[in-house]
Each structure stands twice: as C-alpha cells, then as structure tokens.
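Asks: Sharing a structure here in structure tokens format.
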Amino acid sequence: MSVTKEIVIERLKTVNGPDFTGNIVDLGMVSEIFIADSKVFFSITVPAARAQEMEPLRAAAERVVKAIPGVAGAVVALTAEKKGGGMEAPVPARPAARPAPPAAPRPAPHAPASHSSGKRGVPGIEAIIAVASGKGGVGKSTTAVNLALGLAANGLRVGVLDADIYGPSMPKLLNIHGRPQTVDGKILKPMENYGLKVMSMGFLVDEETPMIWRGPMVMSALTQMLREVEWGRLDVLVVDMPPGTGDAQLTMAQQVPLAGAVIVSTPQDLALIDARKGLNMFKKVDVPLLGIVENMSYFIAPDTGKRYDIFGHGGACREAERLGVTFLGEVPLEMGIRESSDAGAPVVVSKPDGAEAKTYRDIAAKVWDRVNEERGAAEAAVPSIVFE
C-alpha cells in the first residue's frame, strides 16, 4: 500500500489538540508532511512555554502514523516555529488550574559499572568517539569534522554522526544536500562526501526549522540515527555532540560503548570552566577521556607574521596536565579554517598540504593512539580463566 499525505492527514485528525480542543490538523498545528521511502517526517507547532507537557501529544501523533499500513517509520518533532503547510490557527491557551504540588526530584543518573555494562555496540563499527565541549562557540563541529577527515587521511574508514540535533552543522560543513535514501524502506543510507559516511538531523528537516527537543525525543532521534543507518564497516565513528552536558551526552554515554571523548576548548578561563563540566560528566559515566584540543589557540598576523594570543594561550594544556589528561594539540585562529568550513570544504581536504591540515592529522593520530591505549587497558583489566 502506498502511503500518501492525505492518508497521514486523515489519521492525524484523530489526535486531539491541547486540552482536548479539536484535533491537531484542524487547529493548524501540523507542518508540511514529508514522505521518503515509506518513512514520514513532520513537526507539530506548540507554544514554547508548553513544550514539555506536549510530549504525549507528539507521541500520540507518532503512534497513529506508525500504525498506518505501509509506513516503515515516523519522525515527529515539536517546534515553536509557524510555517506554511498548516499552522495558521493559534494553539488554544490552557485554562487556569489549581497549582500542582511540586514534583519529586529526579534521581541523578548512575554510571555504568564498566565500559561495556548495559551498552550495546553498533555492528560493523570498531570504535565510537565523542567530540564534545562544555559550551558553544568554541569550534567543536569544525574540530570534529577535521578530526574525522584527519583520521580518514591517516588510512581509517570513518563515519560522522551529527548528534547536535539542536543545531546540526554537518550538511553545511561537508557540503551535502538532499534527503537520505533507505534500504528496503526501513534502514537509512548515510550520505557521503570526502570519503566520510555521514548522518545528520539536518538531512531530515529544513535548515531553518528550530526544533524543541525534550528528553524522550532526543533519545529516539539519536537511536534512529545511530542504529537504523547502514554504516557498513567503519574503523571509527566520530560523534559531534551538542554543546553542554544534557540529554544527548548522557544518552550516548550511558547507552553506547564509547571508545572515548575528545573535549574542545579555547584558552580563556571561562571556556575552561565549562570544559571541566564536560570532562567531569564523561568521568562520572565511565567514558575514557582521550584528551583536550585547544582551539583558537593563537593568531598569526598574515602581514607581519607576528603571533597574538587573543584568547590567552596554553590554558587547555595546563588544564590537561592538572587533570592528568592527554593534551592533543593547538589549533590556531586561522581565517582559512573558517572560510573553508563555511564553503563546505574543510581545510584537511581543501588544503591537505597546509600547516593547519597537518595539525588536524597529528591530532587525529594522537586520538587514535589513545583509543588503542584504552582498548589495551580494557582488555588487560578483563580476568582470564586458566585451565590446569
């Protein structure tokens, strides 16, 4: 049976709107519906202030669409943006109600007992590396993509998972456009460029659509992009994390056997304070720390060759020494790195013989050495049984 937008709309009319006033279609809450290889993608517009309580509504819409014969899957997100294809009617305000008693505090997540406890690997992928930062604006995604390309330049089979679902950047950084195809209507095929296999939420939603991601949606989206993709055989999958220490990081750290995490920071004290939060989070959930990269470390004036430490210098190196973590290297504040990234041709592939590309390849080599060190340590920690 062929799935059409008309069938999906009719089913969505059975989903009640907020406070049981009408249905989500007639209320104009449903975006343009996109269908690719029997998978259905759309968003539901809700007031930002009520996003958390709208999660059951989103889940209900996802359930009724998945129940349609011929539908292989559905990705439904909440958004606060009004766009064409519906959404003209205002969402009714919730009537005043007596305040509910305060909810009991949610217990803090516990770290798994070991690197592999309760974690299921991804078939065909030898190692998964997370690239993270304690805050935004430190060049994490640019570092992640050049690290991935550096690993590939060093002879490894590499994939990239853009887990920054709040602001996916891999489509732009790698100049990849269009929607991914599927295998048998169920498993997504990764997009490819520069020898990398890539999956990103940016391939599935419009670039300018702001998404409101709550905990369950984050976990669902990450699980689909990680486990429902035909990655093939990879030596390493580089995961570009969203900044901070939220649901995406905890989901990956607690459910996936990460080979380790790379922390990206700039030299100044404020960025280092946030980087420590990321380091501590990965420690608490038993993920090996592969090292720290100091991005925007220094600036060389192109006219005079004089060096300027605009954001200070060496802060990340000193922090790595203090914490007993490997310092992976310094990346300069270089206009060419920014321009090549914006153009969708990262410096490792656009200027492979340049000094900046060599810096990333050296960092990639150190990261891979650390992965192998952690593997060796984990294997040595496993007790052997001797038969006499």
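A note on labels: chains of the structure tokens are A, B, ... as shown, every chain counts residues from 1, and ligands are counted from 1 in their shown order.
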If you run DSSP on the backbone here, which positions in stretch 215-326 of chain A get strand (DSSP E or B)? Please write them as a PyMOL selection string.

Replies: chain A and resi 229+234-240+260-265+289-294+299-300+307-308+310+312

Asks: Keeping only C-alpha atoms, write the selected residues as an mmCIF file, in the first residue's frame.

Replies:
data_model
loop_
_atom_site.group_PDB
_atom_site.id
_atom_site.type_symbol
_atom_site.label_atom_id
_atom_site.label_comp_id
_atom_site.auth_asym_id
_atom_site.auth_seq_id
_atom_site.Cartn_x
_atom_site.Cartn_y
_atom_site.Cartn_z
ATOM 1 C CA VAL A 229 21.617 3.512 9.474
ATOM 2 C CA LEU A 234 33.955 1.500 9.883
ATOM 3 C CA ASP A 235 37.111 1.729 11.923
ATOM 4 C CA VAL A 236 35.734 4.719 13.762
ATOM 5 C CA LEU A 237 32.542 6.764 14.029
ATOM 6 C CA VAL A 238 33.075 10.368 15.138
ATOM 7 C CA VAL A 239 30.058 11.772 17.002
ATOM 8 C CA ASP A 240 29.680 15.556 17.014
ATOM 9 C CA GLY A 260 36.393 7.787 24.478
ATOM 10 C CA ALA A 261 35.666 11.503 24.382
ATOM 11 C CA VAL A 262 37.608 14.439 22.966
ATOM 12 C CA ILE A 263 36.969 17.781 24.675
ATOM 13 C CA VAL A 264 37.314 21.002 22.654
ATOM 14 C CA SER A 265 38.018 24.284 24.450
ATOM 15 C CA LEU A 289 38.906 10.832 28.207
ATOM 16 C CA LEU A 290 41.031 10.755 25.073
ATOM 17 C CA GLY A 291 42.270 14.299 25.521
ATOM 18 C CA ILE A 292 41.739 18.041 25.132
ATOM 19 C CA VAL A 293 42.119 20.180 21.999
ATOM 20 C CA GLU A 294 42.854 23.891 22.430
ATOM 21 C CA PHE A 299 46.645 34.104 15.781
ATOM 22 C CA ILE A 300 49.441 34.767 13.276
ATOM 23 C CA ARG A 307 51.812 35.988 16.872
ATOM 24 C CA TYR A 308 48.920 37.231 19.028
ATOM 25 C CA ILE A 310 43.954 36.804 21.552
ATOM 26 C CA GLY A 312 45.248 33.809 26.145
#

Asks: May I have the residues within 7 Å of stretch 142-150 of chain A as number ranges by chain, using only C-alpha atoms and disregarding those fewer than 5 positions away in the same chain?

Replies: A: 131, 158, 238, 240, 341, 346, 348, 360-361, 364

Asks: Find the residue from A:Met54, A:Met296, A:Ala152, A:Met281 that sits nearest to A:Gly137; use only C-alpha atoms when measuring.

Replies: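 Ranking A:Met54, A:Met296, A:Ala152, A:Met281 by distance to A:Gly137, first place goes to A:Met296.
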
Asks: Any idea what's packed within 7 Å of stretch 164-169 of chain A, counting only C-alpha atoms, ignoring anything in its chain fewer than 6 positions away? Could you give it as a PDB file with C-alpha atoms, in the first residue's frame?

Replies:
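Generated output (around04.pdb):
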ATOM      1  CA  SER A 200      22.589  14.253  10.492  1.00  0.00           C
ATOM      2  CA  MET A 201      19.177  15.522  11.516  1.00  0.00           C
ATOM      3  CA  GLY A 202      19.980  18.343   9.094  1.00  0.00           C
ATOM      4  CA  MET A 211      13.228  22.133  16.951  1.00  0.00           C
ATOM      5  CA  ASP A 240      29.680  15.556  17.014  1.00  0.00           C
ATOM      6  CA  MET A 241      27.869  16.185  20.307  1.00  0.00           C
ATOM      7  CA  PRO A 242      25.712  19.209  21.101  1.00  0.00           C
TER       8      PRO A 242
END

Asks: So that I can see what lies close to A:Phe42, please list as an NGL selection string the residues with an atom at most 7 Å from it, counting only C-alpha atoms and leaving out residues fewer than 3 positions away in the same chain.

Replies: :A and (31-34 or 75-77)

Asks: Using only C-alpha atoms, please write the residues we just selected to a file, as a short mmCIF file (atom, residue, chain, number, x, y, z; two decimals), in the first residue's frame.

Replies:
data_model
loop_
_atom_site.label_atom_id
_atom_site.label_comp_id
_atom_site.auth_asym_id
_atom_site.auth_seq_id
_atom_site.Cartn_x
_atom_site.Cartn_y
_atom_site.Cartn_z
CA SER A 31 3.65 21.20 9.33
CA GLU A 32 4.19 20.19 5.72
CA ILE A 33 4.43 16.38 5.66
CA PHE A 34 7.46 14.81 4.01
CA VAL A 75 9.96 11.07 12.91
CA VAL A 76 7.77 13.64 14.63
CA ALA A 77 9.21 16.70 16.35
#

Asks: Might you pull out every residue within 9 Å of A:Phe203, with only C-alpha atoms counted and same-chain residues fewer than 3 positions away left off, and present them as a JSON list (two decimals) with N, CA and C atoms, in the first residue's frame?

Replies:
[["chain", "number", "residue", "atom", "x", "y", "z"],
["A", 168, "PRO", "N", 22.24, 21.13, 13.83],
["A", 168, "PRO", "CA", 23.10, 20.27, 13.01],
["A", 168, "PRO", "C", 23.89, 21.09, 11.99],
["A", 171, "PRO", "N", 25.74, 19.02, 7.37],
["A", 171, "PRO", "CA", 25.38, 19.25, 5.96],
["A", 171, "PRO", "C", 26.12, 20.44, 5.35],
["A", 176, "ILE", "N", 26.88, 18.72, 1.86],
["A", 176, "ILE", "CA", 26.00, 17.61, 1.47],
["A", 176, "ILE", "C", 24.56, 18.10, 1.50],
["A", 177, "HIS", "N", 23.83, 17.84, 0.44],
["A", 177, "HIS", "CA", 22.45, 18.31, 0.33],
["A", 177, "HIS", "C", 21.53, 17.14, -0.02],
["A", 178, "GLY", "N", 20.24, 17.32, 0.20],
["A", 178, "GLY", "CA", 19.26, 16.30, -0.16],
["A", 178, "GLY", "C", 18.86, 15.44, 1.02],
["A", 179, "ARG", "N", 18.01, 14.46, 0.74],
["A", 179, "ARG", "CA", 17.49, 13.55, 1.75],
["A", 179, "ARG", "C", 18.15, 12.19, 1.60],
["A", 180, "PRO", "N", 18.40, 11.50, 2.71],
["A", 180, "PRO", "CA", 18.98, 10.16, 2.60],
["A", 180, "PRO", "C", 18.00, 9.15, 2.03],
["A", 191, "MET", "N", 24.62, 9.63, 4.02],
["A", 191, "MET", "CA", 25.10, 10.47, 2.93],
["A", 191, "MET", "C", 26.64, 10.39, 2.92],
["A", 199, "MET", "N", 25.59, 10.99, 8.84],
["A", 199, "MET", "CA", 24.16, 11.07, 9.13],
["A", 199, "MET", "C", 23.93, 12.26, 10.04],
["A", 200, "SER", "N", 22.89, 13.04, 9.74],
["A", 200, "SER", "CA", 22.59, 14.25, 10.49],
["A", 200, "SER", "C", 21.10, 14.53, 10.44],
["A", 206, "ASP", "N", 14.24, 20.90, 7.54],
["A", 206, "ASP", "CA", 14.72, 22.11, 6.89],
["A", 206, "ASP", "C", 15.74, 22.82, 7.77],
["A", 207, "GLU", "N", 16.72, 23.44, 7.12],
["A", 207, "GLU", "CA", 17.86, 24.05, 7.82],
["A", 207, "GLU", "C", 17.42, 25.09, 8.84]]

Asks: With only C-alpha atoms as the atoms that count, which of A:Arg157, A:Lys283, A:Lys358, A:Arg58 lies nearest to A:Gly124?

Replies: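 The shortest atom-to-atom distance to A:Gly124 comes from A:Arg157.
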
Asks: So that I can check the surroundings of stretch 65-73 of chain A, please list as a PyMOL selection string every protein, DNA and RNA residue that reaches within 9 Å of it, counting only C-alpha atoms and ignoring chain neighbours fewer than 2 positions away.

Replies: chain A and resi 1-3+7-8+11-12+37-41+60-63+75+185-186

Asks: Give me a file of those residues, with C-alpha atoms, as a short mmCIF file (atom, residue, chain, number, x, y, z; two decimals), in the first residue's frame.

Replies:
data_model
loop_
_atom_site.label_atom_id
_atom_site.label_comp_id
_atom_site.auth_asym_id
_atom_site.auth_seq_id
_atom_site.Cartn_x
_atom_site.Cartn_y
_atom_site.Cartn_z
CA MET A 1 0.00 0.00 0.00
CA SER A 2 1.36 3.41 -1.00
CA VAL A 3 1.45 5.97 1.79
CA ILE A 7 -3.87 9.29 4.42
CA VAL A 8 -1.47 10.67 7.03
CA ARG A 11 -5.11 9.72 10.67
CA LEU A 12 -3.69 12.80 12.38
CA ASP A 37 10.65 5.59 1.18
CA SER A 38 7.67 4.91 3.46
CA LYS A 39 9.06 6.99 6.34
CA VAL A 40 7.01 10.01 7.40
CA PHE A 41 8.56 13.25 8.70
CA ALA A 60 0.29 10.09 20.07
CA ALA A 61 0.77 11.60 16.62
CA GLU A 62 3.80 9.37 16.04
CA ARG A 63 1.85 6.26 17.10
CA VAL A 75 9.96 11.07 12.91
CA GLY A 185 12.21 1.19 3.24
CA LYS A 186 13.49 0.68 6.78
#
